[in-house]
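The next block is work_36.json, given as JSON, C-alpha atoms.
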[["chain", "number", "residue", "atom", "x", "y", "z"],
["A", 27, "MET", "CA", 6.32, -40.94, 35.75],
["A", 28, "GLU", "CA", 3.61, -41.75, 33.21],
["A", 29, "LYS", "CA", 2.99, -38.04, 32.62],
["A", 30, "ILE", "CA", 6.67, -37.49, 31.86],
["A", 31, "LYS", "CA", 6.62, -40.36, 29.37],
["A", 32, "ASP", "CA", 3.50, -38.89, 27.73],
["A", 33, "ILE", "CA", 5.25, -35.52, 27.38],
["A", 34, "ILE", "CA", 8.37, -37.14, 25.87],
["A", 35, "ASN", "CA", 6.25, -39.16, 23.44],
["A", 36, "PHE", "CA", 4.33, -36.03, 22.44],
["A", 37, "ILE", "CA", 7.57, -34.15, 21.72],
["A", 38, "ILE", "CA", 8.92, -37.05, 19.65],
["A", 39, "GLU", "CA", 5.70, -37.40, 17.67],
["A", 40, "ASN", "CA", 5.28, -33.67, 17.12],
["A", 41, "LYS", "CA", 8.83, -32.50, 16.48],
["A", 42, "MET", "CA", 7.86, -29.96, 13.81],
["A", 43, "LEU", "CA", 5.11, -28.51, 15.97],
["A", 44, "VAL", "CA", 7.41, -28.14, 18.98],
["A", 45, "ALA", "CA", 10.21, -26.67, 16.84],
["A", 46, "GLY", "CA", 7.75, -24.13, 15.43],
["A", 47, "ALA", "CA", 6.57, -23.14, 18.89],
["A", 48, "VAL", "CA", 10.17, -22.70, 20.09],
["A", 49, "LEU", "CA", 10.97, -20.57, 17.02],
["A", 50, "ILE", "CA", 7.95, -18.34, 17.69],
["A", 51, "VAL", "CA", 9.00, -17.82, 21.31],
["A", 52, "LEU", "CA", 12.58, -16.97, 20.27],
["A", 53, "LEU", "CA", 11.32, -14.48, 17.67],
["A", 54, "MET", "CA", 9.06, -12.83, 20.24],
["A", 55, "ILE", "CA", 11.98, -12.53, 22.70],
["A", 56, "LEU", "CA", 14.13, -11.01, 19.92],
["A", 57, "PHE", "CA", 11.35, -8.54, 19.05],
["A", 58, "MET", "CA", 10.87, -7.49, 22.69],
["A", 59, "CYS", "CA", 14.61, -6.99, 23.19],
["A", 60, "SER", "CA", 14.77, -4.84, 20.07],
["A", 61, "TYR", "CA", 11.62, -2.88, 20.89],
["A", 62, "PHE", "CA", 12.74, -1.91, 24.38],
["A", 63, "SER", "CA", 16.39, -1.21, 23.52],
["A", 64, "LYS", "CA", 17.77, 2.26, 24.30],
["A", 65, "GLY", "CA", 18.13, 3.12, 20.61],
["A", 66, "ARG", "CA", 14.56, 2.14, 19.84],
["A", 67, "ARG", "CA", 13.26, 4.18, 22.79],
["A", 68, "LYS", "CA", 15.09, 7.26, 21.52],
["A", 69, "GLY", "CA", 13.83, 6.60, 18.02],
["A", 70, "ARG", "CA", 10.21, 6.33, 19.17],
["A", 71, "ALA", "CA", 10.54, 9.55, 21.18],
["A", 72, "ALA", "CA", 11.90, 11.34, 18.09],
["A", 73, "GLU", "CA", 9.09, 9.97, 15.91],
["A", 74, "LYS", "CA", 6.51, 11.12, 18.44],
["A", 75, "LYS", "CA", 8.03, 14.61, 18.39],
["A", 76, "VAL", "CA", 7.88, 14.78, 14.59],
["A", 77, "TYR", "CA", 4.34, 13.42, 14.54],
["A", 78, "LYS", "CA", 3.20, 16.16, 16.94],
["A", 79, "ALA", "CA", 4.86, 18.78, 14.74],
["A", 80, "LEU", "CA", 3.24, 17.37, 11.59],
["A", 81, "LYS", "CA", -0.15, 17.25, 13.27],
["A", 82, "LYS", "CA", 0.20, 20.86, 14.40],
["A", 83, "ILE", "CA", 1.31, 22.34, 11.08],
["A", 84, "SER", "CA", -1.31, 20.42, 9.10],
["A", 85, "ARG", "CA", -4.24, 21.02, 11.46],
["A", 86, "LYS", "CA", -5.96, 23.37, 8.98],
["A", 87, "ASP", "CA", -5.49, 20.94, 6.09],
["A", 88, "HIS", "CA", -7.25, 17.68, 5.38],
["A", 89, "VAL", "CA", -4.26, 15.35, 5.55],
["A", 90, "HIS", "CA", -3.64, 11.83, 6.78],
["A", 91, "ILE", "CA", -0.52, 11.02, 8.81],
["A", 92, "MET", "CA", 0.53, 7.37, 8.98],
["A", 93, "ASN", "CA", 3.27, 6.50, 11.48],
["A", 94, "ASN", "CA", 5.59, 3.48, 11.43],
["A", 95, "VAL", "CA", 4.16, 2.18, 8.18],
["A", 96, "TYR", "CA", 5.39, -1.20, 6.93],
["A", 97, "LEU", "CA", 4.98, -1.56, 3.16],
["A", 98, "PRO", "CA", 5.75, -4.74, 1.20],
["A", 99, "LEU", "CA", 9.26, -4.93, -0.24],
["A", 100, "TYR", "CA", 10.06, -8.13, -2.15],
["A", 101, "LYS", "CA", 9.51, -10.95, 0.38],
["A", 102, "GLY", "CA", 9.97, -8.64, 3.34],
["A", 103, "SER", "CA", 8.87, -5.15, 4.25],
["A", 104, "CYS", "CA", 10.03, -1.54, 4.28],
["A", 105, "GLU", "CA", 9.47, 0.51, 7.45],
["A", 106, "ILE", "CA", 8.65, 4.18, 6.92],
["A", 107, "ASP", "CA", 8.58, 6.54, 9.90],
["A", 108, "HIS", "CA", 5.84, 8.86, 8.58],
["A", 109, "LEU", "CA", 3.68, 9.04, 5.47],
["A", 110, "VAL", "CA", 1.88, 12.36, 5.12],
["A", 111, "ILE", "CA", -0.89, 12.18, 2.54],
["A", 112, "GLY", "CA", -2.61, 15.32, 1.32],
["A", 113, "ARG", "CA", -3.72, 17.32, -1.72],
["A", 114, "PHE", "CA", -0.01, 17.75, -2.49],
["A", 115, "GLY", "CA", 0.54, 14.01, -2.86],
["A", 116, "VAL", "CA", 2.67, 11.92, -0.49],
["A", 117, "LEU", "CA", 5.42, 13.20, 1.79],
["A", 118, "VAL", "CA", 7.85, 10.56, 3.10],
["A", 119, "VAL", "CA", 9.53, 11.57, 6.36],
["A", 120, "GLU", "CA", 12.57, 9.86, 7.85],
["A", 121, "THR", "CA", 13.12, 10.76, 11.51],
["A", 122, "LYS", "CA", 16.44, 10.54, 13.36],
["A", 123, "GLY", "CA", 16.71, 11.12, 17.10],
["A", 124, "ILE", "CA", 20.48, 10.81, 17.30],
["A", 125, "SER", "CA", 22.95, 13.17, 18.99],
["A", 126, "GLY", "CA", 26.63, 13.99, 18.50],
["A", 127, "GLU", "CA", 28.18, 14.86, 15.15],
["A", 128, "ILE", "CA", 27.80, 13.46, 11.64],
["A", 129, "SER", "CA", 30.49, 13.99, 9.04],
["A", 130, "GLY", "CA", 31.52, 12.69, 5.63],
["A", 131, "SER", "CA", 29.62, 11.97, 2.45],
["A", 132, "GLY", "CA", 28.54, 9.03, 0.33],
["A", 133, "GLU", "CA", 26.65, 5.91, 1.28],
["A", 134, "TYR", "CA", 28.10, 5.63, 4.77],
["A", 135, "LEU", "CA", 28.85, 8.56, 7.06],
["A", 136, "THR", "CA", 30.85, 8.92, 10.26],
["A", 137, "HIS", "CA", 28.78, 9.39, 13.41],
["A", 138, "LYS", "CA", 30.61, 10.48, 16.55],
["A", 139, "VAL", "CA", 28.98, 10.49, 19.99],
["A", 140, "GLY", "CA", 31.36, 11.47, 22.77],
["A", 141, "SER", "CA", 34.49, 9.36, 22.37],
["A", 142, "LYS", "CA", 32.73, 6.69, 20.30],
["A", 143, "THR", "CA", 32.69, 6.68, 16.51],
["A", 144, "HIS", "CA", 30.76, 4.39, 14.22],
["A", 145, "SER", "CA", 29.43, 4.14, 10.69],
["A", 146, "LEU", "CA", 25.99, 5.51, 9.82],
["A", 147, "TYR", "CA", 24.04, 4.62, 6.70],
["A", 148, "ASN", "CA", 23.23, 7.85, 4.87],
["A", 149, "PRO", "CA", 19.66, 8.78, 5.89],
["A", 150, "GLN", "CA", 19.12, 10.45, 2.51],
["A", 151, "ASN", "CA", 19.79, 7.12, 0.80],
["A", 152, "GLN", "CA", 17.55, 5.41, 3.31],
["A", 153, "ASN", "CA", 14.69, 7.80, 2.61],
["A", 154, "LYS", "CA", 15.20, 7.51, -1.15],
["A", 155, "THR", "CA", 14.64, 3.76, -0.81],
["A", 156, "HIS", "CA", 11.41, 4.50, 1.05],
["A", 157, "MET", "CA", 10.31, 7.03, -1.58],
["A", 158, "ASP", "CA", 11.06, 4.57, -4.40],
["A", 159, "ASN", "CA", 9.00, 1.96, -2.57],
["A", 160, "VAL", "CA", 6.07, 4.38, -2.25],
["A", 161, "LYS", "CA", 6.33, 5.27, -5.97],
["A", 162, "HIS", "CA", 6.37, 1.57, -6.86],
["A", 163, "HIS", "CA", 3.17, 0.91, -4.95],
["A", 164, "LEU", "CA", 1.50, 3.99, -6.39],
["A", 165, "LYS", "CA", 2.19, 2.68, -9.90],
["A", 166, "LYS", "CA", 0.87, -0.75, -8.93],
["A", 167, "GLY", "CA", -2.30, 0.96, -7.72],
["A", 168, "ARG", "CA", -2.47, 2.93, -11.01],
["A", 169, "PHE", "CA", -1.84, 6.28, -9.32],
["A", 170, "PHE", "CA", 0.49, 7.59, -12.01],
["A", 171, "ASP", "CA", 0.50, 11.34, -11.37],
["A", 172, "VAL", "CA", 0.89, 11.50, -7.60],
["A", 173, "PRO", "CA", 3.93, 13.58, -6.52],
["A", 174, "VAL", "CA", 6.17, 11.91, -3.94],
["A", 175, "SER", "CA", 8.55, 14.08, -1.92],
["A", 176, "GLY", "CA", 10.78, 13.28, 1.02],
["A", 177, "ILE", "CA", 12.63, 14.87, 3.90],
["A", 178, "VAL", "CA", 15.00, 13.75, 6.68],
["A", 179, "VAL", "CA", 14.35, 15.33, 10.08],
["A", 180, "PHE", "CA", 16.83, 15.41, 12.98],
["A", 181, "THR", "CA", 15.14, 16.09, 16.32],
["A", 182, "ASP", "CA", 18.19, 16.63, 18.55],
["A", 183, "ASN", "CA", 18.99, 20.35, 18.61],
["A", 184, "ASP", "CA", 22.63, 19.70, 19.55],
["A", 185, "LEU", "CA", 23.35, 17.37, 16.63],
["A", 186, "LYS", "CA", 25.89, 18.68, 14.10],
["A", 187, "TYR", "CA", 25.54, 17.47, 10.51],
["A", 188, "PRO", "CA", 26.55, 18.52, 6.96],
["A", 189, "ASP", "CA", 24.35, 20.95, 5.04],
["A", 190, "GLY", "CA", 21.83, 19.19, 2.87],
["A", 191, "LEU", "CA", 21.79, 15.98, 4.90],
["A", 192, "GLY", "CA", 18.56, 16.85, 6.69],
["A", 193, "THR", "CA", 16.77, 19.51, 8.65],
["A", 194, "ASP", "CA", 15.28, 20.22, 12.07],
["A", 195, "ILE", "CA", 11.65, 20.63, 13.15],
["A", 196, "ASP", "CA", 11.57, 24.26, 11.98],
["A", 197, "GLY", "CA", 12.91, 23.18, 8.60],
["A", 198, "LEU", "CA", 10.18, 20.55, 8.41],
["A", 199, "LYS", "CA", 7.55, 23.22, 9.00],
["A", 200, "GLN", "CA", 8.96, 25.41, 6.22],
["A", 201, "TYR", "CA", 9.17, 22.46, 3.83],
["A", 202, "TYR", "CA", 5.58, 21.46, 4.52],
["A", 203, "LYS", "CA", 4.39, 24.99, 3.80],
["A", 204, "SER", "CA", 6.18, 24.88, 0.42],
["A", 205, "LEU", "CA", 4.14, 21.88, -0.75],
["A", 206, "ARG", "CA", 1.60, 22.88, -3.39],
["A", 207, "ASN", "CA", -1.92, 21.60, -3.96],
["A", 208, "THR", "CA", -1.76, 19.28, -6.98],
["A", 209, "GLY", "CA", -5.33, 18.07, -6.77],
["A", 210, "CYS", "CA", -4.63, 14.63, -5.29],
["A", 211, "TYR", "CA", -7.46, 12.77, -3.60],
["A", 212, "GLU", "CA", -5.98, 12.27, -0.16],
["A", 213, "ASP", "CA", -8.78, 10.04, 1.15],
["A", 214, "VAL", "CA", -8.42, 7.62, -1.78],
["A", 215, "LEU", "CA", -4.64, 7.49, -1.37],
["A", 216, "PHE", "CA", -4.96, 6.96, 2.38],
["A", 217, "ASP", "CA", -7.36, 4.06, 1.90],
["A", 218, "TYR", "CA", -5.00, 2.53, -0.65],
["A", 219, "PHE", "CA", -1.96, 2.61, 1.63],
["A", 220, "LYS", "CA", -4.02, 1.28, 4.51],
["A", 221, "SER", "CA", -5.06, -1.66, 2.33],
["A", 222, "ILE", "CA", -1.50, -2.64, 1.29],
["A", 223, "ARG", "CA", 0.37, -2.03, 4.54],
["A", 224, "VAL", "CA", 1.98, -5.04, 6.19],
["A", 225, "ARG", "CA", 0.15, -6.11, 9.32],
["A", 226, "ASP", "CA", 1.70, -9.56, 9.86],
["A", 227, "PRO", "CA", 3.86, -9.21, 13.05],
["A", 228, "PHE", "CA", 6.25, -11.94, 11.85],
["A", 229, "LYS", "CA", 6.98, -10.06, 8.64],
["A", 230, "LYS", "CA", 7.66, -6.98, 10.75],
["A", 231, "ILE", "CA", 10.04, -8.94, 12.95],
["A", 232, "ARG", "CA", 11.82, -10.26, 9.84],
["A", 233, "HIS", "CA", 12.23, -6.65, 8.67]]
For this file, produce the structure as structure tokens.
Amino acid sequence: MEKIKDIINFIIENKMLVAGAVLIVLLMILFMCSYFSKGRRKGRAAEKKVYKALKKISRKDHVHIMNNVYLPLYKGSCEIDHLVIGRFGVLVVETKGISGEISGSGEYLTHKVGSKTHSLYNPQNQNKTHMDNVKHHLKKGRFFDVPVSGIVVFTDNDLKYPDGLGTDIDGLKQYYKSLRNTGCYEDVLFDYFKSIRVRDPFKKIRH
């Protein structure tokens, strides 16, 4: 009985501490549910596929590939699937592992999978936001002449989508080969992005 009273007194005297601990536990549960969801599993599989392709096509070049990079964005963060850093500058890759059919134009598209239809934020707009974020940080780091390019890659071979919305793995390979040496110092750029990336797990959860 005395132990129960001690616990109750502790909770009363340390309300903020207990509330903080409860909040942390709830955030961790939310993160785990999100991380192991079906959509996230498909997304990670698609990102792994693109990473392998990038690693293969760049094996003769001295490039750095950063996966699932969180960069600061206002008070939160911006998650980028792949940053490829080389003599050509920085390539920002958005990966989508979705199936079905995408139609429409503008900010939001129509995504149909089987009998279900829902709205899909335009991945080109999404990647432009990521590219703008990369350009912003390059300017902050006084890297004024570094080219930033971007590409959206769909990994599902059965996905139907409008021309110009993105490409497949083969298209990624062709695009990579078109990138020209502009004399960028890839090691310096890589160290810079490593130094500014968000590592705080709570900021990642908030994203």
Inset, instruction - Quick one: everything within 10 Å of Leu99 (chain A), counting only C-alpha atoms, minus sequence neighbours fewer than 2 positions away in the same chain. Send it as number ranges by chain. - result: A: 96-97, 101-105, 156, 159, 162-163, 224, 233
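Among the candidate residues A:Val89, A:Val178, A:Met157, A:Leu146, the one lying nearest to Arg113 (chain A) is A:Val89, with distances computed using only C-alpha atoms.
Neighbouring residues of Asp184 (chain A) at 8 Å or closer, counting all atoms listed in the file and skipping chain neighbours under 2 positions away, are Ser125, Gly126, Asp182 and Lys186 of chain A.
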Inset, instruction - May I ask which of the residues A:Tyr134, A:Val139, A:Ser129, A:Phe219 is the closest one to Gly190 (chain A), counting all atoms listed in the file? - result: A:Ser129
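Straight-line separation from CA of Lys82 (chain A) to CA of Arg223 (chain A): 24.9 Å.
You will find CA of Gly130 (chain A) at 9.1 Å from CA of Tyr187 (chain A).
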Edge lengths and centre, in Å to one decimal, as JSON: that's what I need for the box along x, y and z that holds all listed atoms of region 176-191 of chain A plus 5 Å on each side.
{"center_x": 18.7, "center_y": 17.1, "center_z": 10.3, "size_x": 25.8, "size_y": 17.7, "size_z": 28.5}
Inset, instruction - Please provide as a ChimeraX atom specification all residues within 10 Å of Val116 (chain A), with the sequence filter that same-chain residues fewer than 5 positions apart are discarded (counting all atoms listed in the file). - result: /A:89-91,109-111,157,160-161,164,172-176,210,212,215-216
Include C-alpha atoms and write out the residues we just selected as a PDB file, in the coordinates of the input.
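Listed below is the output, out.pdb:
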ATOM      1  CA  VAL A  89      -4.260  15.350   5.550  1.00  0.00           C
ATOM      2  CA  HIS A  90      -3.640  11.830   6.780  1.00  0.00           C
ATOM      3  CA  ILE A  91      -0.520  11.020   8.810  1.00  0.00           C
ATOM      4  CA  LEU A 109       3.680   9.040   5.470  1.00  0.00           C
ATOM      5  CA  VAL A 110       1.880  12.360   5.120  1.00  0.00           C
ATOM      6  CA  ILE A 111      -0.890  12.180   2.540  1.00  0.00           C
ATOM      7  CA  MET A 157      10.310   7.030  -1.580  1.00  0.00           C
ATOM      8  CA  VAL A 160       6.070   4.380  -2.250  1.00  0.00           C
ATOM      9  CA  LYS A 161       6.330   5.270  -5.970  1.00  0.00           C
ATOM     10  CA  LEU A 164       1.500   3.990  -6.390  1.00  0.00           C
ATOM     11  CA  VAL A 172       0.890  11.500  -7.600  1.00  0.00           C
ATOM     12  CA  PRO A 173       3.930  13.580  -6.520  1.00  0.00           C
ATOM     13  CA  VAL A 174       6.170  11.910  -3.940  1.00  0.00           C
ATOM     14  CA  SER A 175       8.550  14.080  -1.920  1.00  0.00           C
ATOM     15  CA  GLY A 176      10.780  13.280   1.020  1.00  0.00           C
ATOM     16  CA  CYS A 210      -4.630  14.630  -5.290  1.00  0.00           C
ATOM     17  CA  GLU A 212      -5.980  12.270  -0.160  1.00  0.00           C
ATOM     18  CA  LEU A 215      -4.640   7.490  -1.370  1.00  0.00           C
ATOM     19  CA  PHE A 216      -4.960   6.960   2.380  1.00  0.00           C
TER      20      PHE A 216
END
Legend entry - Spatial neighbours of His108 (chain A), max dist 9 Å, all atoms listed in the file, sep filter under 3 positions, as JSON, numbers by chain: {"A": [73, 76, 77, 91, 92, 93, 94, 95, 117, 118, 119, 120, 121]}
Legend entry - CA of Glu127 (chain A) to CA of Asp189 (chain A), distance in Å rounded to a single decimal: 12.4 Å
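The nearest approach to Asp196 (chain A) among the residues A:Ala79, A:Tyr100, A:Thr208, A:Gln152, with only C-alpha atoms taken into account, belongs to A:Ala79.
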Legend entry - Closest of A:Ile106, A:Asn153, A:Lys74, A:Asp158 to Thr181 (chain A) - atom-to-atom distances counting only C-alpha atoms: A:Lys74
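Closest approach to Ala71 (chain A) among A:Ile177, A:Leu205, A:Leu185, A:Ile124 is made by A:Ile124 (distances from all atoms listed in the file).
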